[in-house]
>>> print(open('upload-v9.csv').read())   # CSV, C-alpha atoms
chain,number,residue,atom,x,y,z
R,867,MET,CA,-82.4,-36.7,116.0
R,868,PRO,CA,-81.1,-33.3,115.0
R,869,GLU,CA,-78.6,-33.5,117.9
R,870,ARG,CA,-77.3,-36.8,116.5
R,871,ARG,CA,-77.0,-35.4,112.9
R,872,ARG,CA,-75.1,-32.4,114.2
R,873,LYS,CA,-72.8,-34.7,116.2
R,874,LEU,CA,-72.2,-36.8,113.1
R,875,ALA,CA,-71.5,-33.7,111.0
R,876,ASP,CA,-69.0,-32.5,113.6
R,877,GLU,CA,-67.3,-35.9,113.7
R,878,ALA,CA,-67.2,-36.0,109.8
R,879,GLN,CA,-65.6,-32.5,109.9
R,880,VAL,CA,-62.9,-33.7,112.4
R,881,ILE,CA,-62.2,-36.8,110.2
R,882,ALA,CA,-62.0,-34.6,107.1
R,883,ILE,CA,-59.5,-32.3,108.8
R,884,GLY,CA,-57.5,-35.3,109.8
R,885,VAL,CA,-57.6,-36.8,106.3
R,886,GLU,CA,-56.5,-33.4,104.9
R,887,ALA,CA,-53.6,-33.2,107.3
R,888,SER,CA,-52.6,-36.8,106.5
R,889,ARG,CA,-52.8,-36.0,102.7
R,890,ARG,CA,-50.7,-32.9,103.2
R,891,GLU,CA,-48.0,-34.9,105.1
R,892,SER,CA,-48.0,-37.6,102.5
R,893,PHE,CA,-47.6,-34.9,99.7
R,894,GLU,CA,-44.8,-33.2,101.6
R,895,ARG,CA,-42.9,-36.5,102.1
R,896,LEU,CA,-43.1,-37.2,98.4
R,897,PHE,CA,-42.0,-33.7,97.3
R,898,GLU,CA,-39.3,-33.1,100.0
R,899,GLY,CA,-36.2,-31.8,98.4
R,900,ARG,CA,-37.5,-31.9,94.9
R,901,LEU,CA,-38.2,-28.2,94.3
R,902,ASP,CA,-34.7,-27.2,93.3
R,903,ASP,CA,-34.2,-30.1,91.0
R,904,SER,CA,-37.5,-29.6,89.4
R,905,TYR,CA,-36.8,-25.9,88.8
R,906,ARG,CA,-33.4,-26.7,87.3
R,907,LEU,CA,-35.0,-29.1,84.8
R,908,ALA,CA,-37.7,-26.6,83.9
R,909,ARG,CA,-35.0,-23.9,83.5
R,910,LEU,CA,-33.1,-26.1,81.1
R,911,ILE,CA,-36.1,-26.8,79.0
R,912,LEU,CA,-37.6,-23.3,79.0
R,913,ARG,CA,-34.3,-21.3,79.1
R,914,ASP,CA,-36.1,-18.6,81.0
R,915,ALA,CA,-36.1,-18.2,84.8
R,916,GLN,CA,-39.6,-16.7,85.2
R,917,GLU,CA,-41.2,-19.3,82.9
R,918,ALA,CA,-39.3,-22.0,84.8
R,919,GLU,CA,-40.6,-20.8,88.1
R,920,ASP,CA,-44.2,-20.7,86.7
R,921,ALA,CA,-43.9,-24.1,85.1
R,922,THR,CA,-42.5,-25.6,88.4
R,923,HIS,CA,-45.3,-24.0,90.4
R,924,ASP,CA,-47.9,-25.3,87.9
R,925,ALA,CA,-46.5,-28.8,88.1
R,926,PHE,CA,-46.6,-28.8,91.9
R,927,VAL,CA,-50.1,-27.5,91.9
R,928,ARG,CA,-51.2,-30.2,89.4
R,929,ALA,CA,-49.4,-32.8,91.5
R,930,TRP,CA,-51.1,-31.6,94.7
R,931,ARG,CA,-54.5,-31.7,93.0
R,932,ASP,CA,-53.9,-35.2,91.6
R,933,HIS,CA,-51.5,-36.9,93.9
R,934,HIS,CA,-54.3,-39.1,95.3
R,935,ARG,CA,-54.2,-40.8,91.9
R,936,LEU,CA,-50.6,-41.9,92.4
R,937,ARG,CA,-51.2,-45.6,93.4
R,938,ASP,CA,-47.5,-46.6,93.7
R,939,PRO,CA,-45.2,-44.2,95.5
R,940,GLU,CA,-42.3,-46.1,94.0
R,941,ARG,CA,-43.3,-44.6,90.6
R,942,PHE,CA,-43.5,-41.1,92.0
R,943,GLU,CA,-40.4,-39.8,90.1
R,944,ALA,CA,-41.7,-40.8,86.7
R,945,TRP,CA,-45.2,-39.6,87.5
R,946,PHE,CA,-44.1,-36.1,88.7
R,947,GLY,CA,-41.5,-35.9,86.0
R,948,ARG,CA,-44.2,-36.3,83.4
R,949,ILE,CA,-46.3,-33.6,85.1
R,950,LEU,CA,-43.3,-31.2,85.1
R,951,VAL,CA,-42.4,-31.9,81.4
R,952,ASN,CA,-46.0,-31.4,80.4
R,953,ALA,CA,-46.1,-28.1,82.3
R,954,CYS,CA,-42.9,-27.0,80.4
R,955,ARG,CA,-44.4,-28.1,77.1
R,956,ASP,CA,-47.5,-26.0,77.9
R,957,ALA,CA,-45.3,-23.0,78.6
R,958,LEU,CA,-43.4,-23.5,75.4
R,959,ARG,CA,-46.6,-23.7,73.4
R,960,ARG,CA,-48.0,-20.5,74.9
R,961,ARG,CA,-45.0,-18.5,73.9
R,962,SER,CA,-45.5,-16.2,71.0
R,963,HIS,CA,-43.1,-16.0,68.1
R,964,ARG,CA,-41.4,-12.9,69.6
R,965,ARG,CA,-38.2,-14.8,70.2
R,966,HIS,CA,-37.9,-15.8,66.5
R,967,ASP,CA,-38.3,-12.1,65.6
R,968,ASP,CA,-35.5,-11.2,68.1
R,969,LEU,CA,-33.2,-13.8,66.5
R,970,ALA,CA,-33.7,-12.2,63.1
R,971,ARG,CA,-32.4,-8.9,64.5
R,972,THR,CA,-29.3,-10.3,66.2
R,973,SER,CA,-25.9,-9.1,65.0
R,974,GLU,CA,-23.4,-11.0,62.9
R,975,PRO,CA,-21.3,-13.6,64.7
R,976,PRO,CA,-17.9,-12.5,65.9
R,977,ALA,CA,-14.7,-13.1,63.9
R,978,PRO,CA,-13.0,-16.5,64.5
R,979,HIS,CA,-10.1,-15.0,66.5
R,980,ASP,CA,-12.3,-13.0,68.8
R,981,ALA,CA,-11.2,-13.4,72.5
R,982,HIS,CA,-14.7,-14.0,73.5
R,983,ARG,CA,-15.4,-16.8,71.0
R,984,GLN,CA,-16.4,-19.3,73.7
R,985,VAL,CA,-19.0,-17.0,75.2
R,986,ASP,CA,-20.3,-16.2,71.7
R,987,GLU,CA,-20.5,-19.8,70.8
R,988,ARG,CA,-22.5,-20.5,73.9
R,989,GLU,CA,-24.9,-17.6,73.0
R,990,ALA,CA,-25.2,-19.0,69.5
R,991,LEU,CA,-26.1,-22.4,70.9
R,992,GLU,CA,-28.6,-20.7,73.2
R,993,ARG,CA,-30.2,-19.0,70.2
R,994,ALA,CA,-30.2,-22.2,68.2
R,995,PHE,CA,-31.8,-24.0,71.1
R,996,THR,CA,-34.7,-21.6,71.2
R,997,ARG,CA,-35.5,-22.5,67.6
R,998,LEU,CA,-36.3,-26.1,68.5
R,999,SER,CA,-39.9,-27.2,68.8
R,1000,PRO,CA,-41.1,-27.9,72.3
R,1001,ASP,CA,-41.0,-31.7,71.7
R,1002,HIS,CA,-37.5,-31.6,70.3
R,1003,ARG,CA,-36.3,-29.3,73.0
R,1004,ILE,CA,-37.7,-31.5,75.8
R,1005,ALA,CA,-36.2,-34.6,74.3
R,1006,VAL,CA,-32.7,-33.0,73.9
R,1007,VAL,CA,-32.7,-31.6,77.4
R,1008,LEU,CA,-33.9,-34.8,79.0
R,1009,ARG,CA,-31.4,-37.0,77.0
R,1010,PHE,CA,-28.3,-34.8,77.0
R,1011,TYR,CA,-28.6,-32.4,79.9
R,1012,ARG,CA,-30.3,-34.8,82.3
R,1013,ASP,CA,-28.4,-37.7,80.8
R,1014,LEU,CA,-31.4,-40.0,80.8
R,1015,PRO,CA,-31.5,-43.1,78.7
R,1016,VAL,CA,-33.9,-42.9,75.7
R,1017,GLU,CA,-36.3,-45.3,77.4
R,1018,ASP,CA,-36.6,-43.0,80.4
R,1019,VAL,CA,-37.1,-40.0,78.2
R,1020,ALA,CA,-39.9,-41.9,76.3
R,1021,ARG,CA,-41.6,-42.8,79.6
R,1022,LEU,CA,-41.4,-39.2,80.9
R,1023,VAL,CA,-42.8,-37.6,77.7
R,1024,GLY,CA,-45.3,-40.4,77.1
R,1025,ALA,CA,-44.1,-41.2,73.6
R,1026,PRO,CA,-42.8,-44.4,72.0
R,1027,ILE,CA,-39.1,-44.9,72.0
R,1028,GLY,CA,-38.9,-44.6,68.2
R,1029,THR,CA,-40.6,-41.2,68.4
R,1030,VAL,CA,-38.1,-40.0,71.0
R,1031,ARG,CA,-35.2,-41.2,68.9
R,1032,SER,CA,-36.7,-39.3,65.9
R,1033,ARG,CA,-37.1,-36.2,68.0
R,1034,LEU,CA,-33.5,-36.4,69.2
R,1035,HIS,CA,-32.2,-37.0,65.6
R,1036,TYR,CA,-34.1,-34.1,64.1
R,1037,GLY,CA,-33.5,-31.8,67.1
R,1038,LEU,CA,-29.8,-32.3,66.9
R,1039,LYS,CA,-29.9,-31.9,63.2
R,1040,GLN,CA,-31.7,-28.5,63.6
R,1041,LEU,CA,-29.2,-27.4,66.2
R,1042,ARG,CA,-26.3,-28.3,63.9
R,1043,ARG,CA,-27.9,-26.5,61.0
R,1044,ALA,CA,-28.7,-23.4,63.1
R,1045,LEU,CA,-25.1,-23.3,64.4
R,1046,GLU,CA,-23.7,-23.6,60.9
R,1047,GLU,CA,-25.9,-20.8,59.7
R,1048,MET,CA,-24.7,-18.6,62.5
R,1049,GLU,CA,-21.1,-19.5,61.8
R,1050,ARG,CA,-21.4,-18.2,58.2
>>> encode(input="upload-v9.csv", output="structure tokens")
Amino acid sequence: MPERRRKLADEAQVIAIGVEASRRESFERLFEGRLDDSYRLARLILRDAQEAEDATHDAFVRAWRDHHRLRDPERFEAWFGRILVNACRDALRRRSHRRHDDLARTSEPPAPHDAHRQVDEREALERAFTRLSPDHRIAVVLRFYRDLPVEDVARLVGAPIGTVRSRLHYGLKQLRRALEEMER
């Protein structure tokens, strides 16, 4: 009898190795070619290369751990997008308020006839963007940088369409106000 148990244990181990290999191949097929695009989205949301790498890594790890829960591979894009957005939201929430302190110490905006005005305006937009809350920032990035319809943004962030519209409205309002303040 112990011989039979050992043989069954060996067979179970071989099956487990085969299942793991199959699981890995399935995961690799789903994620093939998505790393760069995922990083770019995280970079847009977080505005920091290192944090974007970390969030992308965290999202892939979460997806590996949970991909057996994905019942419909056709819905993979929305499923993983939500994981990535949540990883970015977590990163934004972990940030300290050090960036807000840095903004307070920035110099005055350049004169209107400055030759580098376009660069300065982009930097001002960048600073204004960092003032947005994580939810507002994610909504703005997905809607205007990713050019997703509001319905898709709502699905990705797991919020009602009305909530996403509100986040977009107030996010854009904050951006305008911050840019106007910097202009003065």
>>> atom_distance(input="upload-v9.csv", atom1="atom CA of R:Leu950", atom2="atom CA of R:Ala925")
5.0 Å
>>> closest_residue(input="upload-v9.csv", among="R:Ala1020, R:Gly1037, R:Trp930, R:Arg1043", to="R:Ala944", atoms="all atoms listed in the file")
R:Ala1020
>>> closest_residue(input="upload-v9.csv", among="R:Phe926, R:Leu1008, R:Glu943, R:Pro1000", to="R:Leu958", atoms="only C-alpha atoms")
R:Pro1000
>>> residues_around(input="upload-v9.csv", residues="R:His923", least_positions_apart="6", cutoff="12 Å", atoms="all atoms listed in the file", output="PyMOL selection string")
chain R and resi 900-902+904-905+908+916-917+929-930+949-950+953-954+957
>>> closest_residue(input="upload-v9.csv", among="R:Val1007, R:Leu1041, R:Leu1022, R:Val985", to="R:Gly947", atoms="all atoms listed in the file")
R:Leu1022
>>> closest_residue(input="upload-v9.csv", among="R:Leu936, R:Glu992, R:Arg1003, R:Val927", to="R:Arg955", atoms="all atoms listed in the file")
R:Arg1003
>>> atom_distance(input="upload-v9.csv", atom1="atom CA of R:Gly1028", atom2="atom CA of R:Pro1015")
12.9 Å
>>> closest_residue(input="upload-v9.csv", among="R:Ala1044, R:Ala921, R:Leu907, R:Leu1034", to="R:Phe995", atoms="all atoms listed in the file")
R:Ala1044
>>> closest_residue(input="upload-v9.csv", among="R:Arg948, R:Arg993, R:Arg959, R:Arg928", to="R:Asp1018", atoms="all atoms listed in the file")
R:Arg948
>>> atom_distance(input="upload-v9.csv", atom1="atom CA of R:Leu1014", atom2="atom CA of R:Arg961")
26.4 Å
>>> residues_near_point(input="upload-v9.csv", point="(-35.5, -43.5, 72.6)", cutoff="10 Å", atoms="only C-alpha atoms", output="PyMOL selection string")
chain R and resi 1005+1009+1014-1021+1025-1034
